[in-house]
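What follows is the content of structure_1.cif, which has mmCIF, C-alpha atoms and all ligand atoms:
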data_data
loop_
_atom_site.label_atom_id
_atom_site.label_comp_id
_atom_site.auth_asym_id
_atom_site.auth_seq_id
_atom_site.Cartn_x
_atom_site.Cartn_y
_atom_site.Cartn_z
CA MET A 29 24.65 -157.78 -22.68
CA SER A 30 26.33 -161.17 -22.55
CA GLY A 31 29.79 -160.98 -24.05
CA ASN A 32 29.98 -164.28 -25.77
CA SER A 33 27.03 -165.92 -27.44
CA LEU A 34 26.40 -168.51 -30.08
CA ILE A 35 24.36 -167.45 -33.08
CA ALA A 36 23.33 -169.14 -36.33
CA CYS A 37 23.32 -167.24 -39.62
CA HIS A 38 19.75 -166.71 -40.81
CA GLU A 39 20.56 -167.26 -44.45
CA CYS A 40 22.98 -170.21 -44.34
CA ASP A 41 22.66 -171.64 -40.79
CA LEU A 42 26.42 -171.50 -40.05
CA LEU A 43 27.19 -171.17 -36.32
CA HIS A 44 29.29 -168.28 -35.02
CA HIS A 45 30.56 -167.26 -31.62
CA LEU A 46 29.92 -163.56 -31.17
CA HIS A 47 32.40 -161.85 -28.91
CA GLU A 48 32.22 -158.20 -27.93
CA ILE A 49 31.41 -156.21 -31.07
CA PRO A 50 32.08 -152.45 -30.98
CA THR A 51 28.93 -150.33 -31.34
CA GLY A 52 28.42 -149.05 -34.84
CA SER A 53 30.09 -152.01 -36.49
CA THR A 54 28.46 -155.11 -37.95
CA ALA A 55 29.39 -158.75 -37.52
CA LYS A 56 28.86 -160.58 -40.79
CA CYS A 57 28.53 -164.26 -41.58
CA ARG A 58 31.87 -165.68 -42.66
CA ARG A 59 30.28 -167.89 -45.27
CA CYS A 60 27.47 -165.87 -46.92
CA GLY A 61 28.07 -162.28 -45.73
CA MET A 62 24.69 -161.86 -44.00
CA ALA A 63 24.69 -159.33 -41.14
CA LEU A 64 24.58 -161.27 -37.87
CA HIS A 65 24.59 -158.51 -35.30
CA SER A 66 25.22 -154.77 -35.27
CA PRO A 67 25.08 -153.13 -31.84
CA LYS A 68 23.81 -149.56 -31.82
CA ALA A 69 24.74 -146.77 -29.43
CA ASP A 70 22.03 -145.44 -27.11
CA THR A 71 19.40 -147.39 -29.02
CA ILE A 72 16.35 -146.89 -26.75
CA ASN A 73 16.68 -143.12 -26.35
CA ARG A 74 17.42 -142.40 -29.97
CA THR A 75 14.80 -144.71 -31.45
CA LEU A 76 12.15 -143.45 -29.02
CA ALA A 77 12.88 -139.81 -29.91
CA LEU A 78 12.54 -140.64 -33.61
CA THR A 79 9.32 -142.58 -32.95
CA ILE A 80 7.71 -139.63 -31.15
CA ALA A 81 8.71 -137.31 -34.00
CA GLY A 82 7.35 -139.90 -36.43
CA LEU A 83 3.95 -140.07 -34.71
CA MET A 84 3.55 -136.29 -34.88
CA LEU A 85 4.50 -136.24 -38.56
CA PHE A 86 2.12 -139.14 -39.20
CA VAL A 87 -0.82 -137.17 -37.76
CA VAL A 88 0.04 -134.09 -39.84
CA ALA A 89 0.50 -136.19 -43.00
CA ASN A 90 -2.96 -137.71 -42.58
CA ILE A 91 -4.98 -134.66 -41.60
CA PHE A 92 -3.70 -131.76 -43.67
CA PRO A 93 -4.16 -131.28 -47.46
CA PHE A 94 -1.83 -133.52 -49.41
CA LEU A 95 -1.97 -132.36 -53.02
CA ALA A 96 -4.28 -129.95 -54.79
CA PHE A 97 -5.00 -130.16 -58.49
CA ASP A 98 -6.03 -127.15 -60.51
CA MET A 99 -7.26 -127.63 -64.06
CA LYS A 100 -8.91 -124.79 -65.97
CA GLY A 101 -9.95 -123.18 -62.71
CA ILE A 102 -11.51 -126.34 -61.26
CA ARG A 103 -9.71 -127.33 -58.11
CA THR A 104 -9.57 -130.68 -56.30
CA GLU A 105 -8.09 -130.89 -52.84
CA THR A 106 -6.94 -134.28 -51.69
CA THR A 107 -5.67 -135.81 -48.48
CA LEU A 108 -3.49 -138.90 -48.21
CA SER A 109 -6.56 -141.17 -48.03
CA THR A 110 -8.68 -139.60 -50.81
CA GLY A 111 -7.48 -142.07 -53.44
CA ILE A 112 -8.21 -144.99 -51.14
CA ARG A 113 -11.76 -143.74 -50.49
CA LEU A 114 -12.42 -143.26 -54.22
CA LEU A 115 -11.07 -146.74 -55.02
CA PHE A 116 -13.55 -148.19 -52.49
CA GLU A 117 -16.35 -146.21 -54.18
CA GLN A 118 -15.30 -147.54 -57.61
CA GLY A 119 -15.56 -151.09 -56.25
CA MET A 120 -11.80 -151.69 -56.38
CA TRP A 121 -11.65 -152.68 -52.73
CA GLU A 122 -8.73 -155.10 -53.25
CA ILE A 123 -6.42 -152.27 -54.30
CA ALA A 124 -7.94 -149.88 -51.76
CA ILE A 125 -7.12 -152.29 -48.92
CA LEU A 126 -3.62 -152.98 -50.26
CA VAL A 127 -2.81 -149.26 -50.44
CA LEU A 128 -4.46 -148.54 -47.08
CA LEU A 129 -2.38 -151.22 -45.39
CA THR A 130 1.00 -150.55 -46.99
CA SER A 131 0.95 -146.74 -46.91
CA ILE A 132 -1.05 -145.89 -43.78
CA LEU A 133 -2.02 -148.69 -41.37
CA ILE A 134 1.25 -150.65 -41.25
CA PRO A 135 3.51 -147.58 -40.81
CA PHE A 136 1.09 -146.44 -38.06
CA PHE A 137 1.27 -149.84 -36.37
CA GLN A 138 5.08 -149.74 -36.58
CA LEU A 139 5.19 -146.37 -34.82
CA LEU A 140 2.70 -147.43 -32.12
CA ALA A 141 4.53 -150.72 -31.54
CA LEU A 142 7.88 -148.93 -31.13
CA MET A 143 6.23 -146.57 -28.66
CA TYR A 144 4.72 -149.49 -26.70
CA ILE A 145 8.10 -151.24 -26.53
CA LEU A 146 10.53 -148.38 -25.99
CA LEU A 147 8.74 -146.09 -23.52
CA PRO A 148 8.57 -148.71 -20.71
CA LEU A 149 12.10 -149.94 -21.50
CA LEU A 150 13.36 -146.39 -21.05
CA LEU A 151 11.78 -146.41 -17.58
CA ASN A 152 13.38 -149.80 -16.90
CA ARG A 153 10.13 -151.69 -17.10
CA THR A 154 9.37 -154.57 -19.39
CA PRO A 155 6.14 -154.14 -21.36
CA ARG A 156 3.82 -157.08 -20.85
CA TYR A 157 3.58 -158.22 -24.48
CA LEU A 158 7.13 -157.19 -25.46
CA ALA A 159 8.02 -160.46 -27.22
CA LEU A 160 4.70 -160.72 -29.07
CA VAL A 161 4.66 -157.09 -30.25
CA PHE A 162 8.33 -157.00 -31.22
CA ARG A 163 8.00 -160.26 -33.16
CA HIS A 164 5.07 -158.87 -35.17
CA LEU A 165 6.90 -155.58 -35.67
CA GLN A 166 9.80 -157.45 -37.26
CA ASN A 167 7.57 -159.63 -39.41
CA ILE A 168 5.51 -156.72 -40.72
CA GLN A 169 8.56 -154.63 -41.68
CA PRO A 170 8.60 -155.58 -45.40
CA TRP A 171 4.97 -154.45 -45.82
CA GLY A 172 5.41 -150.80 -44.87
CA MET A 173 6.05 -149.13 -48.23
CA MET A 174 5.97 -145.38 -47.68
CA GLU A 175 9.14 -144.73 -49.70
CA VAL A 176 7.62 -146.55 -52.69
CA PHE A 177 4.47 -144.45 -52.26
CA MET A 178 6.71 -141.36 -52.41
CA LEU A 179 8.10 -142.49 -55.77
CA GLY A 180 4.48 -142.94 -56.88
CA ILE A 181 3.74 -139.33 -55.91
CA LEU A 182 6.72 -138.08 -57.92
CA VAL A 183 5.70 -140.08 -61.00
CA SER A 184 2.07 -138.88 -60.76
CA VAL A 185 3.02 -135.24 -60.29
CA VAL A 186 5.38 -135.25 -63.28
CA LYS A 187 2.74 -137.05 -65.34
CA LEU A 188 0.03 -134.50 -64.57
CA ALA A 189 2.25 -131.41 -64.58
CA LYS A 190 1.58 -130.82 -68.28
CA MET A 191 -2.21 -130.77 -67.98
CA ALA A 192 -2.69 -128.89 -64.75
CA ASN A 193 -1.29 -127.00 -61.83
CA ILE A 194 -0.33 -129.16 -58.86
CA ILE A 195 -0.04 -127.52 -55.47
CA PRO A 196 1.76 -129.48 -52.72
CA GLY A 197 0.18 -129.25 -49.27
CA LEU A 198 1.62 -129.39 -45.75
CA ALA A 199 0.93 -133.12 -45.50
CA ILE A 200 3.24 -134.02 -48.36
CA TRP A 201 6.23 -132.37 -46.65
CA SER A 202 5.45 -134.19 -43.39
CA PHE A 203 5.20 -137.39 -45.39
CA VAL A 204 8.67 -136.87 -46.89
CA VAL A 205 10.24 -136.12 -43.50
CA LEU A 206 8.39 -139.10 -41.97
CA ILE A 207 10.03 -141.46 -44.49
CA PHE A 208 13.48 -140.30 -43.37
CA VAL A 209 12.51 -140.44 -39.69
CA LEU A 210 11.25 -144.02 -40.07
CA ALA A 211 14.46 -145.02 -41.88
CA ALA A 212 16.53 -143.41 -39.12
CA ALA A 213 14.47 -145.17 -36.44
CA SER A 214 15.09 -148.56 -38.01
CA ALA A 215 18.81 -147.71 -38.32
CA THR A 216 19.13 -146.86 -34.61
CA LEU A 217 17.09 -149.85 -33.42
CA ASP A 218 19.24 -152.65 -32.00
CA SER A 219 16.96 -155.68 -32.14
CA HIS A 220 19.49 -157.85 -30.31
CA ALA A 221 19.42 -155.46 -27.34
CA ILE A 222 15.60 -155.49 -27.29
CA TRP A 223 15.46 -159.28 -27.36
CA GLU A 224 17.89 -159.45 -24.45
CA ARG A 225 15.31 -157.63 -22.34
CA VAL A 226 12.77 -160.43 -22.77
CA LYS A 227 12.64 -162.76 -19.82
CA ILE A 228 12.89 -166.39 -20.83
CA LYS A 229 10.20 -168.47 -19.18
CA SER A 230 11.82 -171.92 -19.22
CA ALA A 231 15.28 -173.11 -20.14
CA PRO A 232 15.47 -174.09 -23.81
CA MET B 12 34.64 -163.68 -33.87
CA SER B 13 35.64 -167.32 -33.77
CA ILE B 14 34.27 -169.71 -36.27
CA HIS B 15 32.33 -172.92 -36.13
CA THR B 16 32.45 -175.24 -39.04
CA LYS B 17 29.05 -176.56 -38.19
CA THR B 18 25.59 -175.40 -39.01
CA ALA B 19 22.99 -175.05 -36.28
CA LEU B 20 21.13 -178.00 -37.75
CA SER B 21 24.16 -180.32 -37.70
CA ALA B 22 24.88 -179.26 -34.11
CA GLY B 23 21.34 -180.26 -33.13
CA LEU B 24 20.16 -176.69 -32.66
CA LEU B 25 17.17 -174.77 -34.01
CA SER B 26 17.52 -171.09 -34.73
CA CYS B 27 14.49 -168.89 -33.98
CA PRO B 28 13.28 -167.06 -37.12
CA SER B 29 12.35 -163.93 -35.14
CA CYS B 30 14.73 -163.46 -32.21
CA HIS B 31 17.70 -165.62 -33.32
CA MET B 32 17.85 -167.58 -30.07
CA LEU B 33 19.11 -171.14 -30.44
CA SER B 34 17.13 -174.00 -28.92
CA LYS B 35 18.01 -177.66 -28.61
CA CYS B 36 16.42 -179.81 -31.26
CA PRO B 37 14.50 -182.71 -29.64
CA GLU B 38 15.90 -186.10 -30.61
CA THR B 39 12.58 -187.75 -31.22
CA SER B 40 10.94 -186.35 -34.30
CA SER B 41 7.73 -185.77 -32.40
CA LYS B 42 4.88 -184.08 -34.19
CA GLY B 43 4.26 -181.62 -31.38
CA LYS B 44 4.91 -178.03 -32.36
CA LEU B 45 8.04 -176.42 -30.97
CA ALA B 46 7.98 -172.80 -29.92
CA CYS B 47 10.82 -170.46 -29.06
CA ALA B 48 11.12 -170.07 -25.27
CA ARG B 49 11.91 -166.38 -25.64
CA CYS B 50 9.49 -165.03 -28.25
CA GLY B 51 7.01 -167.82 -28.95
CA SER B 52 7.73 -168.16 -32.69
CA ALA B 53 7.24 -171.62 -34.17
CA LEU B 54 10.59 -173.38 -34.57
CA HIS B 55 11.42 -175.48 -37.61
CA ARG B 56 14.62 -177.01 -38.90
CA ARG B 57 13.91 -175.26 -42.20
CA LYS B 58 10.91 -173.21 -43.28
CA PRO B 59 8.13 -175.82 -43.58
CA ASN B 60 7.42 -177.09 -47.11
CA SER B 61 9.51 -174.24 -48.44
CA LEU B 62 9.98 -175.68 -51.94
CA ALA B 63 6.38 -176.76 -52.54
CA ARG B 64 4.93 -173.52 -51.19
CA SER B 65 7.37 -171.31 -53.12
CA TRP B 66 6.64 -173.22 -56.34
CA ALA B 67 2.89 -172.78 -55.86
CA LEU B 68 3.31 -169.05 -55.28
CA VAL B 69 5.72 -168.55 -58.19
CA ILE B 70 3.42 -170.39 -60.60
CA SER B 71 0.34 -168.44 -59.48
CA ALA B 72 2.27 -165.17 -59.86
CA PHE B 73 3.23 -166.16 -63.45
CA ILE B 74 -0.45 -166.88 -64.20
CA PHE B 75 -1.68 -163.60 -62.65
CA TYR B 76 1.01 -161.72 -64.58
CA ILE B 77 -0.91 -162.37 -67.83
CA PRO B 78 -4.24 -160.64 -66.95
CA ALA B 79 -2.21 -157.98 -65.11
CA ASN B 80 -0.69 -157.00 -68.44
CA LEU B 81 -3.64 -157.65 -70.78
CA LEU B 82 -6.39 -155.93 -68.78
CA PRO B 83 -6.52 -152.14 -68.40
CA ILE B 84 -4.87 -150.82 -65.27
CA MET B 85 -6.58 -147.43 -65.60
CA LYS B 86 -9.59 -145.84 -67.36
CA THR B 87 -9.46 -142.13 -68.18
CA THR B 88 -12.72 -140.37 -69.07
CA THR B 89 -12.37 -136.88 -70.57
CA LEU B 90 -15.58 -135.11 -71.68
CA GLY B 91 -17.43 -138.37 -72.20
CA HIS B 92 -14.60 -140.05 -74.10
CA THR B 93 -13.06 -143.06 -72.34
CA GLN B 94 -9.53 -144.29 -72.86
CA GLU B 95 -8.23 -147.54 -71.33
CA ASP B 96 -4.56 -148.04 -70.54
CA THR B 97 -2.65 -151.23 -69.84
CA ILE B 98 0.76 -151.15 -68.16
CA MET B 99 2.55 -151.34 -71.53
CA SER B 100 0.30 -148.85 -73.36
CA GLY B 101 0.95 -146.43 -70.52
CA VAL B 102 4.70 -146.90 -70.93
CA ILE B 103 4.48 -146.43 -74.71
CA TYR B 104 2.33 -143.30 -74.30
CA MET B 105 4.96 -141.83 -71.97
CA ILE B 106 7.75 -142.54 -74.45
CA VAL B 107 5.76 -140.95 -77.32
CA SER B 108 4.96 -137.88 -75.24
CA GLY B 109 8.64 -137.48 -74.41
CA SER B 110 8.59 -138.42 -70.71
CA TRP B 111 11.12 -141.20 -71.12
CA PRO B 112 12.44 -141.06 -67.50
CA LEU B 113 8.90 -141.85 -66.28
CA ALA B 114 8.54 -144.53 -68.92
CA LEU B 115 11.78 -146.08 -67.70
CA ILE B 116 10.73 -146.03 -64.01
CA ILE B 117 7.37 -147.65 -64.75
CA PHE B 118 8.87 -150.18 -67.18
CA ILE B 119 11.54 -151.27 -64.68
CA ALA B 120 9.19 -151.36 -61.67
CA SER B 121 6.15 -152.92 -63.36
CA VAL B 122 7.49 -155.12 -66.14
CA PHE B 123 11.15 -155.90 -65.57
CA VAL B 124 11.33 -156.32 -61.76
CA PRO B 125 8.36 -158.72 -61.31
CA LEU B 126 9.51 -160.91 -64.23
CA ALA B 127 13.17 -160.90 -63.18
CA LYS B 128 12.13 -161.78 -59.64
CA LEU B 129 9.97 -164.69 -60.81
CA PHE B 130 12.72 -166.05 -63.08
CA ILE B 131 15.34 -165.77 -60.32
CA LEU B 132 13.08 -167.59 -57.84
CA THR B 133 12.37 -170.28 -60.44
CA TYR B 134 16.10 -170.71 -61.01
CA LEU B 135 16.81 -170.89 -57.25
CA LEU B 136 14.07 -173.47 -56.74
CA ILE B 137 15.39 -175.64 -59.57
CA SER B 138 19.00 -175.29 -58.38
CA VAL B 139 18.05 -176.41 -54.85
CA GLN B 140 16.02 -179.34 -56.15
CA ARG B 141 18.94 -180.48 -58.30
CA LYS B 142 21.23 -180.19 -55.26
CA SER B 143 23.46 -177.79 -57.12
CA GLN B 144 26.77 -176.87 -55.48
CA TRP B 145 27.45 -174.10 -57.97
CA ARG B 146 28.31 -170.67 -56.50
CA PRO B 147 26.14 -170.74 -53.37
CA TYR B 148 27.40 -167.28 -52.40
CA ASP B 149 26.20 -165.74 -55.66
CA ARG B 150 22.90 -167.56 -55.45
CA THR B 151 22.39 -166.17 -51.93
CA ARG B 152 23.10 -162.69 -53.29
CA LEU B 153 20.53 -163.21 -56.04
CA TYR B 154 18.04 -164.19 -53.35
CA ARG B 155 18.78 -161.05 -51.34
CA LEU B 156 18.32 -158.96 -54.48
CA THR B 157 14.83 -160.39 -55.09
CA GLU B 158 13.92 -159.65 -51.46
CA ALA B 159 15.16 -156.07 -51.70
CA VAL B 160 13.64 -154.94 -55.01
CA GLY B 161 10.20 -156.58 -54.90
CA ARG B 162 8.50 -153.77 -52.99
CA TRP B 163 9.33 -151.18 -55.68
CA SER B 164 6.91 -152.88 -58.08
CA MET B 165 4.10 -151.35 -56.01
CA VAL B 166 4.84 -147.96 -57.55
CA ASP B 167 2.31 -148.36 -60.40
CA ILE B 168 -0.46 -149.24 -57.93
CA TYR B 169 0.31 -146.03 -56.00
CA VAL B 170 0.41 -143.96 -59.21
CA VAL B 171 -3.09 -145.22 -60.11
CA THR B 172 -4.33 -144.41 -56.58
CA ILE B 173 -2.93 -140.87 -56.68
CA LEU B 174 -4.24 -140.20 -60.22
CA VAL B 175 -7.69 -141.44 -59.15
CA ALA B 176 -7.62 -138.96 -56.25
CA LEU B 177 -6.38 -135.97 -58.25
CA VAL B 178 -8.21 -136.35 -61.55
CA ASN B 179 -11.70 -136.33 -60.10
CA LEU B 180 -13.30 -133.41 -61.90
CA GLY B 181 -16.80 -134.73 -62.57
CA ASN B 182 -17.76 -134.39 -66.25
CA LEU B 183 -14.49 -132.75 -67.22
CA ALA B 184 -12.15 -135.63 -66.41
CA THR B 185 -12.09 -138.69 -64.14
CA ILE B 186 -9.71 -141.60 -63.74
CA GLU B 187 -10.79 -145.03 -62.55
CA ALA B 188 -8.70 -148.07 -61.68
CA GLY B 189 -9.10 -151.11 -63.96
CA MET B 190 -9.07 -154.86 -63.25
CA GLY B 191 -5.47 -155.05 -64.48
CA ALA B 192 -4.45 -153.19 -61.34
CA VAL B 193 -6.07 -155.84 -59.13
CA PHE B 194 -4.15 -158.65 -60.85
CA PHE B 195 -0.96 -156.62 -60.85
CA GLY B 196 -1.30 -155.95 -57.11
CA ALA B 197 -1.78 -159.69 -56.62
CA VAL B 198 1.42 -160.41 -58.59
CA VAL B 199 3.43 -158.02 -56.41
CA VAL B 200 2.04 -159.40 -53.13
CA ILE B 201 2.41 -163.04 -54.20
CA THR B 202 6.04 -162.60 -55.35
CA ILE B 203 6.95 -160.88 -52.06
CA ILE B 204 5.40 -163.80 -50.13
CA ALA B 205 7.15 -166.30 -52.43
CA ALA B 206 10.54 -164.74 -51.62
CA MET B 207 9.72 -164.92 -47.90
CA THR B 208 8.66 -168.55 -48.19
CA PHE B 209 11.86 -169.65 -49.92
CA ASP B 210 14.49 -170.76 -47.39
CA PRO B 211 17.99 -169.61 -48.48
CA ARG B 212 19.55 -172.12 -46.07
CA LEU B 213 18.47 -174.81 -48.54
CA ILE B 214 21.10 -173.42 -50.96
CA TRP B 215 23.80 -174.11 -48.37
CA ASP B 216 22.47 -177.46 -47.16
CA ASN B 217 23.94 -179.07 -50.28
CA MET B 218 27.42 -177.78 -49.51
CA GLU B 219 30.06 -179.72 -47.64
CA PHE B 220 32.68 -178.14 -45.47
CA ASP B 221 35.86 -178.43 -47.46
CA ASP B 222 37.88 -175.72 -45.80
CA GLU B 223 38.67 -177.24 -42.42
ZN ZN A 301 25.59 -167.12 -43.51
ZN ZN A 302 12.50 -166.55 -30.68
#

Whole structure, structure tokens version:
Amino acid sequence: MSGNSLIACHECDLLHHLHEIPTGSTAKCRRCGMALHSPKADTINRTLALTIAGLMLFVVANIFPFLAFDMKGIRTETTLSTGIRLLFEQGMWEIAILVLLTSILIPFFQLLALMYILLPLLLNRTPRYLALVFRHLQNIQPWGMMEVFMLGILVSVVKLAKMANIIPGLAIWSFVVLIFVLAAASATLDSHAIWERVKIKSAP
Amino acid sequence: MSIHTKTALSAGLLSCPSCHMLSKCPETSSKGKLACARCGSALHRRKPNSLARSWALVISAFIFYIPANLLPIMKTTTLGHTQEDTIMSGVIYMIVSGSWPLALIIFIASVFVPLAKLFILTYLLISVQRKSQWRPYDRTRLYRLTEAVGRWSMVDIYVVTILVALVNLGNLATIEAGMGAVFFGAVVVITIIAAMTFDPRLIWDNMEFDDE
């Protein structure tokens, strides 16, 4: 990594010279306090390990029973996508697509993209579409909303607890762990270090 | 960390929105599109048409907020009897039935946060247009707050989705989503995009360097 580089704050445009910053600490903008750069220790290994764990949890969370609902002996079993399917059937495709994207497809894309980027980097190769994939990964970040979905589960369960018996399935536990794994993966990811691996085609 | 007293723009540099690399700003204001040499993102001095686009999004979110609150978000059918709930009637029902922590979560996420976010963005837009120099640091923090909390408004949409999945007992009881949910989802998505479209550097562009 180059020791001394010029960087502009993303929120106020002030220029800073970044010297060597110790791993684990964060350089902040002098004027507005925005984080400029925070180097992470062992970023590729750690983030890749979390990504692989995340992919396994993702599969479990989507295949196994999520919640079961037992009212007066009548039992409904649901998976993570049951609500989305029923919303499509009710003609509420706008909400169905919104929920499908934010709770399933975008987190899945994030995990696959991390895999695509980090596995070759670990083997000292540069994936062909590194810049393109990493750019989209960063832009899509705000639209993965699994932790909000989790709050939705809690609210729904408390709301229905009075009328019926709710039985949590294996998928819901995987889902909870997955949220923490994804948060840890984004905390160990050093985007600056990834960008430094992109070869620049022509001088700016 | 040594300090510049210049912004990238005043030093003739463009900062890449994705990978942070600085590129030289061409002297001629040619209309050709500039792309980052490292990641290919489009480069602009400031986010293009930030004020006009943010205004359009904020105003449409305010308009969509009305049907989102007037139309039912959810229809519950129990033994042939149908009950429609709006966001507020749901909150009131939860208070009456004693689940005030739930009522509080839904009220904050669905009523307070979207409105607060829209009012803060409106204030920021007006302050930038009036070239305000008042407390840029605090205004930047307000902006960061709107970016951080917006996603939590989605919670009501997820609650409806999960209730639809669980309460699907044929003639005994079913829950369906209502049109209010569609408008509410639109409000959440539009306000998130509005916050992304607003360029916080505009707050600082009105400031002069008085400290060196
Ligand atoms: Zn700054
Ligand atoms: Zn770039």

Report task. For Ile77 (chain B), please output as a ChimeraX atom specification all residues within 10 Å (counting all atoms listed in the file; exclusion window: fewer than 2 positions along the same chain). Result -> /B:72-75,79-82,191,194-195,198

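Among all protein and nucleic acid residues, the ones that lie within 6 Å of ligand ZN 301 (chain A) when counting all atoms listed in the file are Cys37, Glu39, Cys40, Leu42, Cys57, Arg59, Cys60, Gly61 and Met62 of chain A.
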
Requested in this report: Kindly determine which residues of chain B lie within 7 Å of chain A, considering all atoms listed in the file, and give the answer as a PyMOL selection string.
Outcome: chain B and resi 12-15+17-19+26+29-31+33-35+48-50+113+148+163+165-167+169-170+172-177+193+196+211-212+215

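Put simply, CA of Ile131 (chain B) is 18.5 Å away from CA of Ala197 (chain B).
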
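Shortest separation to Tyr76 (chain B) among B:Tyr104, B:Tyr134, B:Phe209, B:Phe123 occurs at residue B:Phe123, atoms counted being only C-alpha atoms.
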
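Excluding Ala81 (chain A) and any residue on its chain fewer than 5 positions from it, the residues at most 10 Å away by only C-alpha atoms are A:Thr75, A:Leu76, A:Phe86, A:Leu139, A:Val205, A:Leu206, A:Val209, A:Leu210.
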
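The coordinates place CA of Ala184 (chain B) at 8.3 Å from CA of Gly91 (chain B).
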
Query - Spatial neighbours of Asp70 (chain A), 10 Å, all atoms listed in the file, chain gap at least 3 places, as a ChimeraX atom specification - result: /A:51,67,73-75,216-218

Requested in this report: Record the distance separating CA of Leu129 (chain A) and CA of Arg156 (chain A), expressed in Å with one decimal.
Outcome: 26.0 Å

Query raised in the report: Between B:Ala192, B:Ile116, B:Leu183, B:Ala53, which one has atoms that come closest to ligand ZN 302 (chain A), using all atoms listed in the file?
Result: B:Ala53

For region 145-150 of chain A, where the input has fewer atoms than it should, I would like all heavy atoms rebuilt and written as a PDB file, keeping the file's coordinate frame.
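Final output, saved to part.pdb:
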ATOM      1  N   ILE A 145       6.923-150.490 -26.970  1.00  0.00           N
ATOM      2  CA  ILE A 145       8.100-151.240 -26.530  1.00  0.00           C
ATOM      3  C   ILE A 145       9.098-150.325 -25.820  1.00  0.00           C
ATOM      4  O   ILE A 145       9.614-150.649 -24.751  1.00  0.00           O
ATOM      5  CB  ILE A 145       8.768-151.923 -27.741  1.00  0.00           C
ATOM      6  CG1 ILE A 145       7.874-153.049 -28.262  1.00  0.00           C
ATOM      7  CG2 ILE A 145      10.149-152.456 -27.385  1.00  0.00           C
ATOM      8  CD1 ILE A 145       8.295-153.571 -29.618  1.00  0.00           C
ATOM      9  N   LEU A 146       9.384-149.168 -26.431  1.00  0.00           N
ATOM     10  CA  LEU A 146      10.530-148.380 -25.990  1.00  0.00           C
ATOM     11  C   LEU A 146      10.249-147.509 -24.762  1.00  0.00           C
ATOM     12  O   LEU A 146      11.128-147.329 -23.923  1.00  0.00           O
ATOM     13  CB  LEU A 146      11.033-147.505 -27.142  1.00  0.00           C
ATOM     14  CG  LEU A 146      11.567-148.293 -28.345  1.00  0.00           C
ATOM     15  CD1 LEU A 146      11.838-147.360 -29.504  1.00  0.00           C
ATOM     16  CD2 LEU A 146      12.834-149.049 -27.963  1.00  0.00           C
ATOM     17  N   LEU A 147       9.023-146.984 -24.648  1.00  0.00           N
ATOM     18  CA  LEU A 147       8.740-146.090 -23.520  1.00  0.00           C
ATOM     19  C   LEU A 147       8.927-146.818 -22.172  1.00  0.00           C
ATOM     20  O   LEU A 147       9.668-146.338 -21.317  1.00  0.00           O
ATOM     21  CB  LEU A 147       7.341-145.479 -23.665  1.00  0.00           C
ATOM     22  CG  LEU A 147       7.056-144.273 -22.788  1.00  0.00           C
ATOM     23  CD1 LEU A 147       8.042-143.135 -23.089  1.00  0.00           C
ATOM     24  CD2 LEU A 147       5.629-143.781 -22.983  1.00  0.00           C
ATOM     25  N   PRO A 148       8.319-148.001 -21.973  1.00  0.00           N
ATOM     26  CA  PRO A 148       8.570-148.710 -20.710  1.00  0.00           C
ATOM     27  C   PRO A 148      10.039-149.114 -20.540  1.00  0.00           C
ATOM     28  O   PRO A 148      10.564-149.010 -19.436  1.00  0.00           O
ATOM     29  CB  PRO A 148       7.681-149.959 -20.815  1.00  0.00           C
ATOM     30  CG  PRO A 148       6.684-149.653 -21.853  1.00  0.00           C
ATOM     31  CD  PRO A 148       7.335-148.700 -22.799  1.00  0.00           C
ATOM     32  N   LEU A 149      10.698-149.528 -21.622  1.00  0.00           N
ATOM     33  CA  LEU A 149      12.100-149.940 -21.500  1.00  0.00           C
ATOM     34  C   LEU A 149      12.961-148.777 -21.018  1.00  0.00           C
ATOM     35  O   LEU A 149      13.899-148.963 -20.250  1.00  0.00           O
ATOM     36  CB  LEU A 149      12.630-150.481 -22.833  1.00  0.00           C
ATOM     37  CG  LEU A 149      12.144-151.868 -23.270  1.00  0.00           C
ATOM     38  CD1 LEU A 149      12.818-152.275 -24.565  1.00  0.00           C
ATOM     39  CD2 LEU A 149      12.388-152.918 -22.199  1.00  0.00           C
ATOM     40  N   LEU A 150      12.625-147.582 -21.475  1.00  0.00           N
ATOM     41  CA  LEU A 150      13.360-146.390 -21.050  1.00  0.00           C
ATOM     42  C   LEU A 150      13.235-146.207 -19.536  1.00  0.00           C
ATOM     43  O   LEU A 150      14.162-145.791 -18.866  1.00  0.00           O
ATOM     44  CB  LEU A 150      12.807-145.165 -21.787  1.00  0.00           C
ATOM     45  CG  LEU A 150      13.476-143.834 -21.477  1.00  0.00           C
ATOM     46  CD1 LEU A 150      14.826-143.755 -22.164  1.00  0.00           C
ATOM     47  CD2 LEU A 150      12.602-142.687 -21.941  1.00  0.00           C
TER      48      LEU A 150
END
